[in-house]
>>> print(open('protein20.csv').read())   # CSV, C-alpha atoms
chain,number,residue,atom,x,y,z
A,1321,MET,CA,1.8,-34.2,9.0
A,1322,GLN,CA,-0.3,-34.8,5.9
A,1323,ASN,CA,-3.4,-34.0,8.0
A,1324,ASP,CA,-1.8,-30.8,9.3
A,1325,ARG,CA,-1.1,-29.7,5.8
A,1326,ILE,CA,-4.7,-30.3,4.7
A,1327,SER,CA,-6.2,-28.6,7.7
A,1328,ILE,CA,-3.9,-25.6,7.1
A,1329,LEU,CA,-5.0,-25.6,3.4
A,1330,PHE,CA,-8.6,-25.4,4.5
A,1331,GLN,CA,-7.8,-22.6,6.9
A,1332,GLY,CA,-6.4,-20.7,4.0
A,1333,MET,CA,-9.5,-21.3,2.0
A,1334,ARG,CA,-11.8,-20.3,4.9
A,1335,ASP,CA,-9.9,-17.1,5.6
A,1336,THR,CA,-10.3,-16.1,1.9
A,1337,LEU,CA,-14.1,-16.6,1.9
A,1338,PRO,CA,-15.1,-12.9,2.3
A,1339,LEU,CA,-12.8,-12.1,-0.6
A,1340,ILE,CA,-14.3,-14.9,-2.7
A,1341,LEU,CA,-17.8,-13.5,-2.1
A,1342,ALA,CA,-16.6,-10.1,-3.3
A,1343,ALA,CA,-15.1,-11.6,-6.4
A,1344,ILE,CA,-18.1,-13.5,-7.6
A,1345,PRO,CA,-20.0,-10.6,-9.3
A,1346,PHE,CA,-16.8,-9.6,-11.1
A,1347,GLY,CA,-16.1,-13.1,-12.3
A,1348,ILE,CA,-19.6,-13.4,-13.7
A,1349,LEU,CA,-19.5,-10.0,-15.2
A,1350,PHE,CA,-16.2,-10.8,-16.9
A,1351,GLY,CA,-17.6,-13.9,-18.5
A,1352,ALA,CA,-20.7,-12.1,-19.7
A,1353,ALA,CA,-18.9,-9.0,-20.9
A,1354,ALA,CA,-16.2,-11.0,-22.8
A,1355,ILE,CA,-18.9,-12.9,-24.7
A,1356,SER,CA,-21.0,-9.8,-25.4
A,1357,GLN,CA,-17.9,-8.0,-26.7
A,1358,GLY,CA,-17.5,-10.8,-29.2
A,1359,LEU,CA,-14.7,-12.8,-27.6
A,1360,SER,CA,-14.9,-16.6,-28.3
A,1361,ALA,CA,-15.8,-18.9,-25.5
A,1362,TRP,CA,-12.3,-20.4,-25.7
A,1363,THR,CA,-10.5,-17.0,-25.5
A,1364,THR,CA,-12.7,-16.0,-22.5
A,1365,MET,CA,-12.0,-19.2,-20.6
A,1366,ALA,CA,-8.3,-19.1,-21.6
A,1367,MET,CA,-8.0,-15.6,-20.0
A,1368,SER,CA,-9.4,-16.8,-16.7
A,1369,LEU,CA,-7.5,-20.1,-16.8
A,1370,PHE,CA,-4.1,-19.0,-18.0
A,1371,VAL,CA,-3.9,-15.2,-17.5
A,1372,TYR,CA,-5.8,-15.1,-14.1
A,1373,ALA,CA,-5.5,-11.4,-13.4
A,1374,GLY,CA,-8.9,-9.8,-12.8
A,1375,ALA,CA,-8.3,-6.1,-13.5
A,1376,SER,CA,-6.1,-6.9,-16.5
A,1377,GLN,CA,-8.7,-9.2,-18.0
A,1378,PHE,CA,-11.4,-6.5,-17.8
A,1379,ILE,CA,-9.1,-3.9,-19.4
A,1380,ALA,CA,-8.1,-6.3,-22.2
A,1381,VAL,CA,-11.8,-7.0,-23.0
A,1382,THR,CA,-12.7,-3.3,-22.9
A,1383,LEU,CA,-9.8,-2.3,-25.1
A,1384,LEU,CA,-10.4,-5.2,-27.5
A,1385,ALA,CA,-13.9,-4.0,-27.9
A,1386,SER,CA,-12.7,-0.4,-28.7
A,1387,SER,CA,-10.3,-2.0,-31.3
A,1388,THR,CA,-7.2,-0.6,-29.6
A,1389,ALA,CA,-4.0,-1.8,-31.1
A,1390,LEU,CA,-2.9,-5.1,-29.5
A,1391,PRO,CA,0.6,-3.9,-28.4
A,1392,VAL,CA,-1.1,-1.0,-26.6
A,1393,ILE,CA,-3.4,-3.5,-24.8
A,1394,LEU,CA,-0.5,-5.7,-23.8
A,1395,MET,CA,1.4,-2.7,-22.5
A,1396,THR,CA,-1.7,-1.6,-20.5
A,1397,VAL,CA,-2.1,-5.1,-19.1
A,1398,PHE,CA,1.5,-5.1,-18.0
A,1399,ILE,CA,1.2,-1.7,-16.2
A,1400,VAL,CA,-2.0,-2.7,-14.4
A,1401,ASN,CA,-0.4,-5.8,-13.2
A,1402,LEU,CA,2.9,-4.3,-12.0
A,1403,ARG,CA,1.4,-3.8,-8.5
A,1404,HIS,CA,1.8,-7.6,-8.1
A,1405,MET,CA,5.5,-7.3,-8.3
A,1406,LEU,CA,5.4,-5.5,-5.0
A,1407,TYR,CA,3.4,-8.4,-3.5
A,1408,SER,CA,5.8,-10.9,-4.9
A,1409,ALA,CA,8.8,-8.9,-3.5
A,1410,ALA,CA,7.2,-8.7,-0.1
A,1411,LEU,CA,6.8,-12.5,0.0
A,1412,MET,CA,10.5,-13.2,-0.9
A,1413,PRO,CA,11.6,-14.1,2.6
A,1414,HIS,CA,9.1,-16.9,2.7
A,1415,VAL,CA,9.7,-18.1,-0.9
A,1416,SER,CA,13.5,-18.2,-0.5
A,1417,LYS,CA,13.2,-21.5,1.4
A,1418,LEU,CA,11.0,-23.2,-1.3
A,1419,LYS,CA,12.0,-25.3,-4.2
A,1420,GLN,CA,12.1,-23.5,-7.6
A,1421,TRP,CA,9.3,-25.6,-9.2
A,1422,ILE,CA,6.7,-24.7,-6.6
A,1423,ARG,CA,7.5,-21.0,-7.0
A,1424,VAL,CA,6.0,-21.0,-10.5
A,1425,PRO,CA,2.4,-21.9,-9.5
A,1426,LEU,CA,2.6,-19.7,-6.4
A,1427,ALA,CA,3.5,-16.7,-8.5
A,1428,PHE,CA,0.8,-17.5,-11.1
A,1429,TRP,CA,-1.8,-17.6,-8.3
A,1430,LEU,CA,-0.6,-14.4,-6.6
A,1431,THR,CA,-3.6,-11.9,-6.3
A,1432,ASP,CA,-4.5,-9.0,-4.2
A,1433,GLU,CA,-6.7,-11.3,-2.1
A,1434,THR,CA,-4.2,-14.1,-1.5
A,1435,PHE,CA,-1.5,-11.6,-0.7
A,1436,ALA,CA,-3.7,-9.9,1.8
A,1437,VAL,CA,-4.8,-13.1,3.6
A,1438,VAL,CA,-1.2,-14.5,3.6
A,1439,SER,CA,0.2,-11.2,4.9
A,1440,HIS,CA,-2.4,-11.1,7.7
A,1441,ARG,CA,-1.4,-14.5,8.9
A,1442,ASP,CA,2.2,-13.4,9.0
A,1443,ILE,CA,1.2,-10.4,11.1
A,1444,VAL,CA,-0.9,-12.2,13.7
A,1445,LYS,CA,1.0,-15.5,13.7
A,1446,PRO,CA,4.6,-14.7,12.6
A,1447,GLY,CA,6.5,-17.8,11.8
A,1448,ALA,CA,3.5,-20.1,11.8
A,1449,PRO,CA,4.2,-23.5,10.1
A,1450,GLY,CA,2.6,-24.5,6.8
A,1451,TRP,CA,3.0,-21.3,4.9
A,1452,THR,CA,2.9,-23.0,1.5
A,1453,SER,CA,-0.3,-25.0,2.4
A,1454,TYR,CA,-2.0,-21.9,3.7
A,1455,TYR,CA,-1.0,-19.9,0.5
A,1456,LEU,CA,-2.2,-22.8,-1.7
A,1457,GLY,CA,-5.5,-23.0,0.1
A,1458,SER,CA,-6.2,-19.4,-0.4
A,1459,ALA,CA,-5.0,-19.4,-4.0
A,1460,LEU,CA,-6.9,-22.5,-5.1
A,1461,ALA,CA,-10.1,-21.2,-3.6
A,1462,MET,CA,-9.7,-17.8,-5.4
A,1463,TYR,CA,-8.7,-19.5,-8.7
A,1464,GLY,CA,-11.5,-22.1,-8.6
A,1465,ASN,CA,-14.0,-19.4,-7.9
A,1466,TRP,CA,-12.7,-17.1,-10.6
A,1467,VAL,CA,-12.8,-19.8,-13.3
A,1468,LEU,CA,-16.2,-21.1,-12.2
A,1469,CYS,CA,-17.7,-17.6,-12.2
A,1470,THR,CA,-16.3,-16.8,-15.6
A,1471,TRP,CA,-17.9,-19.9,-16.9
A,1472,ILE,CA,-21.2,-19.1,-15.2
A,1473,GLY,CA,-21.1,-15.5,-16.6
A,1474,MET,CA,-20.2,-16.9,-20.1
A,1475,THR,CA,-23.1,-19.4,-20.2
A,1476,ILE,CA,-26.0,-17.8,-18.3
A,1477,GLY,CA,-24.6,-14.3,-17.7
A,1478,GLN,CA,-27.2,-12.7,-20.0
A,1479,GLN,CA,-30.1,-14.2,-18.0
A,1480,ILE,CA,-29.0,-13.2,-14.5
A,1481,PRO,CA,-29.0,-9.7,-13.1
A,1482,ASP,CA,-25.8,-7.6,-12.9
A,1483,MET,CA,-24.6,-8.3,-9.4
A,1484,THR,CA,-21.8,-5.7,-9.4
A,1485,ASN,CA,-24.2,-3.1,-8.1
A,1486,TRP,CA,-25.3,-5.3,-5.1
A,1487,GLY,CA,-22.3,-3.9,-3.2
A,1488,LEU,CA,-20.7,-7.3,-2.5
A,1489,ASP,CA,-17.4,-5.6,-3.0
A,1490,ILE,CA,-18.0,-4.3,0.5
A,1491,ALA,CA,-16.8,-7.7,1.7
A,1492,LEU,CA,-13.3,-7.0,0.2
A,1493,ILE,CA,-13.2,-3.5,1.8
A,1494,VAL,CA,-14.0,-4.6,5.3
A,1495,ALA,CA,-11.8,-7.7,5.0
A,1496,PHE,CA,-8.9,-5.6,3.9
A,1497,VAL,CA,-9.6,-3.2,6.8
A,1498,ALA,CA,-9.5,-6.2,9.2
A,1499,ILE,CA,-6.2,-7.3,7.6
A,1500,VAL,CA,-4.4,-3.9,7.6
A,1501,VAL,CA,-5.4,-2.5,11.1
A,1502,PRO,CA,-3.5,-5.1,13.1
A,1503,ALA,CA,-0.4,-4.3,11.1
A,1504,LEU,CA,-0.5,-0.6,12.2
A,1505,GLN,CA,1.8,-0.8,15.2
A,1506,GLN,CA,4.4,1.9,14.9
A,1507,ARG,CA,4.2,5.6,13.9
A,1508,ALA,CA,5.8,4.7,10.6
A,1509,ASP,CA,3.0,2.2,9.9
A,1510,TRP,CA,0.4,4.8,10.5
A,1511,ALA,CA,2.2,7.4,8.4
A,1512,CYS,CA,2.4,4.8,5.6
A,1513,ALA,CA,-1.3,4.0,5.8
A,1514,VAL,CA,-2.4,7.7,5.9
A,1515,THR,CA,-0.2,8.6,2.9
A,1516,ALA,CA,-1.6,5.6,0.9
A,1517,ALA,CA,-5.2,6.5,1.8
A,1518,VAL,CA,-4.9,10.2,0.9
A,1519,THR,CA,-2.8,9.8,-2.2
A,1520,ALA,CA,-4.9,7.0,-3.6
A,1521,VAL,CA,-8.0,9.3,-3.5
A,1522,LEU,CA,-6.0,12.3,-5.0
A,1523,CYS,CA,-4.9,10.2,-8.0
A,1524,TYR,CA,-7.9,7.9,-8.4
A,1525,ASP,CA,-8.5,9.1,-12.0
A,1526,TRP,CA,-5.0,8.2,-13.2
A,1527,PRO,CA,-5.2,5.7,-16.0
A,1528,ASN,CA,-4.7,1.9,-15.7
A,1529,GLN,CA,-4.5,1.9,-11.9
A,1530,THR,CA,-1.2,3.9,-11.9
A,1531,GLY,CA,-2.7,5.9,-9.1
A,1532,LEU,CA,-2.8,2.8,-6.9
A,1533,LEU,CA,0.8,2.0,-7.8
A,1534,PHE,CA,2.0,5.5,-7.3
A,1535,SER,CA,0.3,6.0,-3.9
A,1536,ALA,CA,1.6,2.6,-2.7
A,1537,LEU,CA,5.2,3.5,-3.7
A,1538,LEU,CA,4.9,6.9,-2.1
A,1539,ALA,CA,3.5,5.4,1.1
A,1540,ILE,CA,6.3,2.8,1.3
A,1541,ALA,CA,8.8,5.6,0.9
A,1542,VAL,CA,7.2,7.6,3.8
A,1543,GLY,CA,7.2,4.4,6.0
A,1544,LEU,CA,10.8,3.8,5.2
A,1545,MET,CA,11.8,7.4,6.0
A,1546,LEU,CA,10.2,7.1,9.5
A,1547,ASP,CA,11.2,3.5,10.0
A,1548,PRO,CA,12.8,3.0,13.4
A,1549,LYS,CA,15.4,0.5,12.1
A,1550,THR,CA,16.6,2.5,9.1
A,1551,ALA,CA,16.3,5.8,11.0
A,1552,ALA,CA,18.5,4.4,13.8
A,1553,LYS,CA,21.2,3.5,11.3
A,1554,GLN,CA,21.1,6.9,9.6
A,1555,ALA,CA,21.0,9.0,12.8
A,1556,PRO,CA,24.8,9.2,13.3
A,1557,HIS,CA,25.2,10.7,9.8
A,1558,HIS,CA,22.8,13.6,10.6
A,1559,GLU,CA,24.4,14.5,13.9
B,560,MET,CA,-1.7,-11.2,-34.1
B,561,SER,CA,-4.0,-14.2,-33.5
B,562,ASN,CA,-6.1,-14.7,-30.4
B,563,SER,CA,-3.8,-17.5,-29.2
B,564,LEU,CA,-0.7,-15.3,-29.5
B,565,PHE,CA,-2.6,-12.5,-27.8
B,566,ILE,CA,-3.4,-14.8,-24.8
B,567,VAL,CA,0.3,-15.9,-24.7
B,568,GLY,CA,1.3,-12.3,-24.6
B,569,MET,CA,-1.1,-11.6,-21.7
B,570,VAL,CA,0.1,-14.7,-19.8
B,571,ALA,CA,3.7,-13.6,-20.2
B,572,LEU,CA,3.2,-9.9,-19.2
B,573,THR,CA,1.1,-10.7,-16.1
B,574,PHE,CA,3.1,-13.7,-15.0
B,575,ILE,CA,6.7,-12.4,-15.4
B,576,PRO,CA,6.4,-9.5,-12.9
B,577,ARG,CA,4.8,-11.8,-10.3
B,578,TYR,CA,7.4,-14.4,-10.8
B,579,ILE,CA,10.7,-12.5,-11.0
B,580,PRO,CA,11.0,-11.7,-7.3
B,581,PHE,CA,10.0,-15.4,-6.5
B,582,LEU,CA,12.7,-16.6,-8.9
B,583,LEU,CA,15.3,-14.4,-7.2
B,584,ALA,CA,14.3,-15.1,-3.6
B,585,GLY,CA,17.2,-16.6,-1.8
B,586,LYS,CA,19.6,-16.0,-4.7
B,587,ILE,CA,20.2,-12.3,-4.2
B,588,ALA,CA,20.7,-10.6,-0.8
B,589,LEU,CA,18.5,-7.6,-0.5
B,590,PRO,CA,20.0,-4.5,1.1
B,591,GLN,CA,18.7,-3.6,4.6
B,592,TRP,CA,16.6,-0.7,3.4
B,593,ALA,CA,14.9,-2.9,0.8
B,594,LYS,CA,14.0,-5.5,3.5
B,595,ARG,CA,12.5,-2.7,5.6
B,596,ALA,CA,10.6,-1.4,2.6
B,597,LEU,CA,8.9,-4.8,2.1
B,598,HIS,CA,7.4,-4.5,5.6
B,599,TYR,CA,5.3,-1.5,4.3
B,600,VAL,CA,4.0,-3.2,1.1
B,601,PRO,CA,0.8,-4.7,2.6
B,602,ILE,CA,0.0,-1.6,4.6
B,603,ALA,CA,0.6,0.7,1.6
B,604,VAL,CA,-1.1,-1.3,-1.2
B,605,LEU,CA,-4.1,-2.7,0.8
B,606,THR,CA,-4.9,0.8,2.3
B,607,ALA,CA,-4.7,2.4,-1.2
B,608,ILE,CA,-7.2,-0.2,-2.5
B,609,VAL,CA,-9.5,0.3,0.5
B,610,SER,CA,-9.3,4.0,0.2
B,611,GLN,CA,-10.3,4.1,-3.5
B,612,ALA,CA,-12.9,1.3,-3.2
B,613,SER,CA,-14.7,3.1,-0.4
B,614,LEU,CA,-14.3,6.8,-1.3
B,615,ILE,CA,-14.7,6.6,-5.1
B,616,GLN,CA,-18.3,5.8,-6.1
B,617,GLN,CA,-19.5,6.0,-9.7
B,618,GLY,CA,-16.2,7.5,-10.7
B,619,ALA,CA,-16.2,10.5,-8.3
B,620,VAL,CA,-15.1,11.1,-4.7
B,621,GLN,CA,-18.1,10.8,-2.4
B,622,PHE,CA,-17.3,11.9,1.1
B,623,ASP,CA,-20.7,11.8,3.0
B,624,ILE,CA,-23.1,9.6,4.9
B,625,ALA,CA,-24.9,8.5,1.7
B,626,ASN,CA,-21.8,6.6,0.7
B,627,HIS,CA,-22.6,3.3,2.4
B,628,HIS,CA,-19.2,1.8,1.4
B,629,LEU,CA,-17.5,4.6,3.3
B,630,LEU,CA,-19.8,4.3,6.3
B,631,ALA,CA,-19.2,0.5,6.6
B,632,ALA,CA,-15.5,0.9,6.1
B,633,SER,CA,-15.3,3.5,8.8
B,634,VAL,CA,-17.2,1.4,11.3
B,635,SER,CA,-15.2,-1.7,10.6
B,636,PHE,CA,-12.0,0.4,11.0
B,637,LEU,CA,-13.2,1.4,14.5
B,638,VAL,CA,-14.1,-2.2,15.3
B,639,ALA,CA,-10.7,-3.4,14.1
B,640,LEU,CA,-8.9,-0.8,16.1
B,641,THR,CA,-10.7,-1.6,19.4
B,642,THR,CA,-11.0,-5.4,19.0
B,643,ARG,CA,-8.3,-6.5,16.5
B,644,HIS,CA,-10.8,-9.3,15.8
B,645,MET,CA,-11.0,-10.2,12.1
B,646,PHE,CA,-14.3,-12.1,12.1
B,647,LEU,CA,-16.0,-9.4,14.2
B,648,THR,CA,-14.6,-6.6,12.0
B,649,ILE,CA,-15.9,-8.2,8.8
B,650,SER,CA,-19.3,-9.2,10.2
B,651,ILE,CA,-20.1,-5.8,11.7
B,652,GLY,CA,-18.9,-4.1,8.5
B,653,LEU,CA,-21.2,-6.2,6.4
B,654,VAL,CA,-24.2,-5.7,8.8
B,655,VAL,CA,-23.7,-1.9,8.8
B,656,PHE,CA,-23.5,-1.9,5.0
B,657,ALA,CA,-26.7,-4.0,4.7
B,658,LEU,CA,-28.6,-1.8,7.3
B,659,ALA,CA,-27.4,1.4,5.6
B,660,ARG,CA,-28.6,0.1,2.2
B,661,TRP,CA,-32.1,-0.8,3.5
B,662,LEU,CA,-32.6,2.0,6.1
B,663,LEU,CA,-30.8,5.1,4.9
>>> encode(input="protein20.csv", output="structure tokens")
Amino acid sequence: MQNDRISILFQGMRDTLPLILAAIPFGILFGAAAISQGLSAWTTMAMSLFVYAGASQFIAVTLLASSTALPVILMTVFIVNLRHMLYSAALMPHVSKLKQWIRVPLAFWLTDETFAVVSHRDIVKPGAPGWTSYYLGSALAMYGNWVLCTWIGMTIGQQIPDMTNWGLDIALIVAFVAIVVPALQQRADWACAVTAAVTAVLCYDWPNQTGLLFSALLAIAVGLMLDPKTAAKQAPHHE
Amino acid sequence: MSNSLFIVGMVALTFIPRYIPFLLAGKIALPQWAKRALHYVPIAVLTAIVSQASLIQQGAVQFDIANHHLLAASVSFLVALTTRHMFLTISIGLVVFALARWLL
């Protein structure tokens, strides 16, 4: 039993590897950027250790450097991170069986990457045992990598080349493609994906990733409208 | 506001939205339409992320062959559609990207 859990934990880590690769340049850049913008070493590490929200951390550092008012920064951080509420909601059926105390670290470690990997497992192996171990494996690997890369960026970031233009983010793109495509099974799934893809490009320049949030919400609404189960229930009303 | 207070504020504002649904899971019964909506969350959000990450380069839409991210994403999309194999999809996507960078 214990061995099973550990092997599932490692599975979660292994399945997250491409996404870890994609995150490395950004972790290093964050550490280096925070220091060069005048943040103390403590504040920089505290952000990665206790806030642990990549995009929000970058925005906070950028806004701090432009001496934006702190309440405005906090509001922006909140808006950027709202997308994660969708992830958390989507995982509710799994979490409902868990004890309350474990839900706290699971929520803290919820990222785009871990959500993607965990959802994929759900699609290809629905009801597979060891959900929590798998989640923790993915989350701990992402978290450890993020903290380590922040520290590397902070200490030797000025001496190493900027890796963000190496294109390692391609690993995240192709991994997400590999994760989403098997989920496209019905017409409603496809309509949802096409809506998300088109809308996200149309509103890419909206501030604070609100374009992402808006296109996701719109795509979910489109999926829901075409959903065979909700449509079946509504059909008698229309006829 | 001190640095520590600022960090505490950031922790609260990023953690609370992630945690509220987890806290409520099992305590509230979601209506049927909401349960169905959750099915579309991964498709919607991950596709939106992929779309922006591959089509937007240097802050503008780049819809041509010189966009290596888009090329690799398109090829991996086709591989995923035909094989549904995760490792193959990722590997071929990465190889196409590397080749495009060095050759094109």
>>> atom_distance(input="protein20.csv", atom1="CA of Lys586 (chain B)", atom2="CA of His1414 (chain A)")
12.9 Å
>>> atom_distance(input="protein20.csv", atom1="CA of Thr648 (chain B)", atom2="CA of Phe1496 (chain A)")
10.0 Å
>>> closest_residue(input="protein20.csv", among="A:Leu1430, A:Thr1470, A:Ala1511, A:Asp1547", to="Tyr1407 (chain A)", atoms="all atoms listed in the file")
A:Leu1430
>>> atom_distance(input="protein20.csv", atom1="CA of Trp1429 (chain A)", atom2="CA of Leu1533 (chain A)")
19.8 Å
>>> residues_around(input="protein20.csv", residues="region 601-618 of chain B", least_positions_apart="4", cutoff="7 Å", atoms="all atoms listed in the file", output="VMD selection string")
(chain A and resid 1436 1439 1493 1496 1500 1512 to 1513 1516 to 1517 1520 to 1521 1524 1532 1535 to 1536 1539 to 1540) or (chain B and resid 622 628 to 629 632)
>>> residues_around(input="protein20.csv", residues="Asn1528 (chain A)", least_positions_apart="2", cutoff="12 Å", atoms="all atoms listed in the file", output="PyMOL selection string")
chain A and resi 1375-1376+1378-1380+1382-1383+1392-1403+1523-1526+1530-1534
>>> closest_residue(input="protein20.csv", among="A:Leu1537, A:Ile1340, A:Leu1349, A:Lys1445", to="chain B", atoms="all atoms listed in the file")
A:Leu1537
>>> closest_residue(input="protein20.csv", among="B:Gly652, B:Leu662, B:Asn626, B:Gln621", to="chain A", atoms="all atoms listed in the file")
B:Gly652
>>> closest_residue(input="protein20.csv", among="B:Val634, B:Thr642, B:Val570, B:Asp623", to="chain A", atoms="all atoms listed in the file")
B:Val570
>>> residues_around(input="protein20.csv", residues="Arg1334 (chain A)", least_positions_apart="4", cutoff="12 Å", atoms="all atoms listed in the file", output="PyMOL selection string")
(chain A and resi 1327-1330+1338-1341+1434+1437+1454-1462) or (chain B and resi 646)
>>> residues_around(input="protein20.csv", residues="Leu589 (chain B)", least_positions_apart="3", cutoff="12 Å", atoms="all atoms listed in the file", output="list in words")
Ala1409, Ala1410, Met1412, Pro1413 and Ser1416 of chain A; Pro580, Leu583, Ala584, Gly585, Lys586, Trp592, Ala593, Lys594, Arg595, Ala596 and Leu597 of chain B
>>> closest_residue(input="protein20.csv", among="A:Val1444, A:Leu1522, A:Leu1359, A:Met1405", to="chain B", atoms="only C-alpha atoms")
A:Met1405
>>> closest_residue(input="protein20.csv", among="A:Leu1369, A:Leu1390, A:Ala1503, A:Ala1343", to="Gly568 (chain B)", atoms="all atoms listed in the file")
A:Leu1390
>>> residues_around(input="protein20.csv", residues="Ile649 (chain B)", least_positions_apart="6", cutoff="9 Å", atoms="only C-alpha atoms", output="list in words")
Pro1338, Ala1491, Ile1493, Val1494, Ala1495, Phe1496, Val1497 and Ala1498 of chain A; Ser635 and Ala639 of chain B
>>> build_atoms(input="protein20.csv", residues="region 1503-1525 of chain A", atoms="N, CA and C atoms", output="PDB file, in the frame of the given file")
ATOM      1  N   ALA A1503      -1.765  -4.516  11.511  1.00  0.00           N
ATOM      2  CA  ALA A1503      -0.400  -4.300  11.100  1.00  0.00           C
ATOM      3  C   ALA A1503       0.084  -2.858  11.477  1.00  0.00           C
ATOM      4  N   LEU A1504      -0.867  -2.003  11.896  1.00  0.00           N
ATOM      5  CA  LEU A1504      -0.500  -0.600  12.200  1.00  0.00           C
ATOM      6  C   LEU A1504      -0.034  -0.566  13.675  1.00  0.00           C
ATOM      7  N   GLN A1505       1.271  -0.742  13.856  1.00  0.00           N
ATOM      8  CA  GLN A1505       1.800  -0.800  15.200  1.00  0.00           C
ATOM      9  C   GLN A1505       2.685   0.338  15.594  1.00  0.00           C
ATOM     10  N   GLN A1506       3.456   0.837  14.622  1.00  0.00           N
ATOM     11  CA  GLN A1506       4.400   1.900  14.900  1.00  0.00           C
ATOM     12  C   GLN A1506       3.909   3.198  14.190  1.00  0.00           C
ATOM     13  N   ARG A1507       4.536   4.322  14.580  1.00  0.00           N
ATOM     14  CA  ARG A1507       4.200   5.600  13.900  1.00  0.00           C
ATOM     15  C   ARG A1507       4.431   5.509  12.425  1.00  0.00           C
ATOM     16  N   ALA A1508       5.504   4.833  12.021  1.00  0.00           N
ATOM     17  CA  ALA A1508       5.800   4.700  10.600  1.00  0.00           C
ATOM     18  C   ALA A1508       4.718   3.970   9.843  1.00  0.00           C
ATOM     19  N   ASP A1509       4.135   2.945  10.485  1.00  0.00           N
ATOM     20  CA  ASP A1509       3.000   2.200   9.900  1.00  0.00           C
ATOM     21  C   ASP A1509       1.844   3.093   9.610  1.00  0.00           C
ATOM     22  N   TRP A1510       1.516   3.886  10.605  1.00  0.00           N
ATOM     23  CA  TRP A1510       0.400   4.800  10.500  1.00  0.00           C
ATOM     24  C   TRP A1510       0.633   5.846   9.400  1.00  0.00           C
ATOM     25  N   ALA A1511       1.840   6.404   9.403  1.00  0.00           N
ATOM     26  CA  ALA A1511       2.200   7.400   8.400  1.00  0.00           C
ATOM     27  C   ALA A1511       2.061   6.807   6.996  1.00  0.00           C
ATOM     28  N   CYS A1512       2.498   5.555   6.858  1.00  0.00           N
ATOM     29  CA  CYS A1512       2.400   4.800   5.600  1.00  0.00           C
ATOM     30  C   CYS A1512       0.961   4.692   5.154  1.00  0.00           C
ATOM     31  N   ALA A1513       0.107   4.261   6.086  1.00  0.00           N
ATOM     32  CA  ALA A1513      -1.300   4.000   5.800  1.00  0.00           C
ATOM     33  C   ALA A1513      -2.009   5.346   5.402  1.00  0.00           C
ATOM     34  N   VAL A1514      -1.751   6.400   6.174  1.00  0.00           N
ATOM     35  CA  VAL A1514      -2.400   7.700   5.900  1.00  0.00           C
ATOM     36  C   VAL A1514      -1.971   8.215   4.536  1.00  0.00           C
ATOM     37  N   THR A1515      -0.678   8.107   4.245  1.00  0.00           N
ATOM     38  CA  THR A1515      -0.200   8.600   2.900  1.00  0.00           C
ATOM     39  C   THR A1515      -0.873   7.792   1.814  1.00  0.00           C
ATOM     40  N   ALA A1516      -0.978   6.465   1.975  1.00  0.00           N
ATOM     41  CA  ALA A1516      -1.600   5.600   0.900  1.00  0.00           C
ATOM     42  C   ALA A1516      -3.059   6.029   0.742  1.00  0.00           C
ATOM     43  N   ALA A1517      -3.787   6.214   1.861  1.00  0.00           N
ATOM     44  CA  ALA A1517      -5.200   6.500   1.800  1.00  0.00           C
ATOM     45  C   ALA A1517      -5.450   7.858   1.079  1.00  0.00           C
ATOM     46  N   VAL A1518      -4.698   8.882   1.484  1.00  0.00           N
ATOM     47  CA  VAL A1518      -4.900  10.200   0.900  1.00  0.00           C
ATOM     48  C   VAL A1518      -4.465  10.283  -0.534  1.00  0.00           C
ATOM     49  N   THR A1519      -3.285   9.744  -0.820  1.00  0.00           N
ATOM     50  CA  THR A1519      -2.800   9.800  -2.200  1.00  0.00           C
ATOM     51  C   THR A1519      -3.636   9.034  -3.165  1.00  0.00           C
ATOM     52  N   ALA A1520      -4.116   7.856  -2.722  1.00  0.00           N
ATOM     53  CA  ALA A1520      -4.900   7.000  -3.600  1.00  0.00           C
ATOM     54  C   ALA A1520      -6.194   7.764  -4.052  1.00  0.00           C
ATOM     55  N   VAL A1521      -6.754   8.585  -3.155  1.00  0.00           N
ATOM     56  CA  VAL A1521      -8.000   9.300  -3.500  1.00  0.00           C
ATOM     57  C   VAL A1521      -7.594  10.502  -4.436  1.00  0.00           C
ATOM     58  N   LEU A1522      -6.445  11.133  -4.149  1.00  0.00           N
ATOM     59  CA  LEU A1522      -6.000  12.300  -5.000  1.00  0.00           C
ATOM     60  C   LEU A1522      -5.762  11.861  -6.421  1.00  0.00           C
ATOM     61  N   CYS A1523      -5.246  10.637  -6.600  1.00  0.00           N
ATOM     62  CA  CYS A1523      -4.900  10.200  -8.000  1.00  0.00           C
ATOM     63  C   CYS A1523      -5.770   9.059  -8.438  1.00  0.00           C
ATOM     64  N   TYR A1524      -7.050   9.036  -8.013  1.00  0.00           N
ATOM     65  CA  TYR A1524      -7.900   7.900  -8.400  1.00  0.00           C
ATOM     66  C   TYR A1524      -8.194   7.871  -9.870  1.00  0.00           C
ATOM     67  N   ASP A1525      -8.140   9.049 -10.529  1.00  0.00           N
ATOM     68  CA  ASP A1525      -8.500   9.100 -12.000  1.00  0.00           C
ATOM     69  C   ASP A1525      -7.300   8.868 -12.879  1.00  0.00           C
TER      70      ASP A1525
END
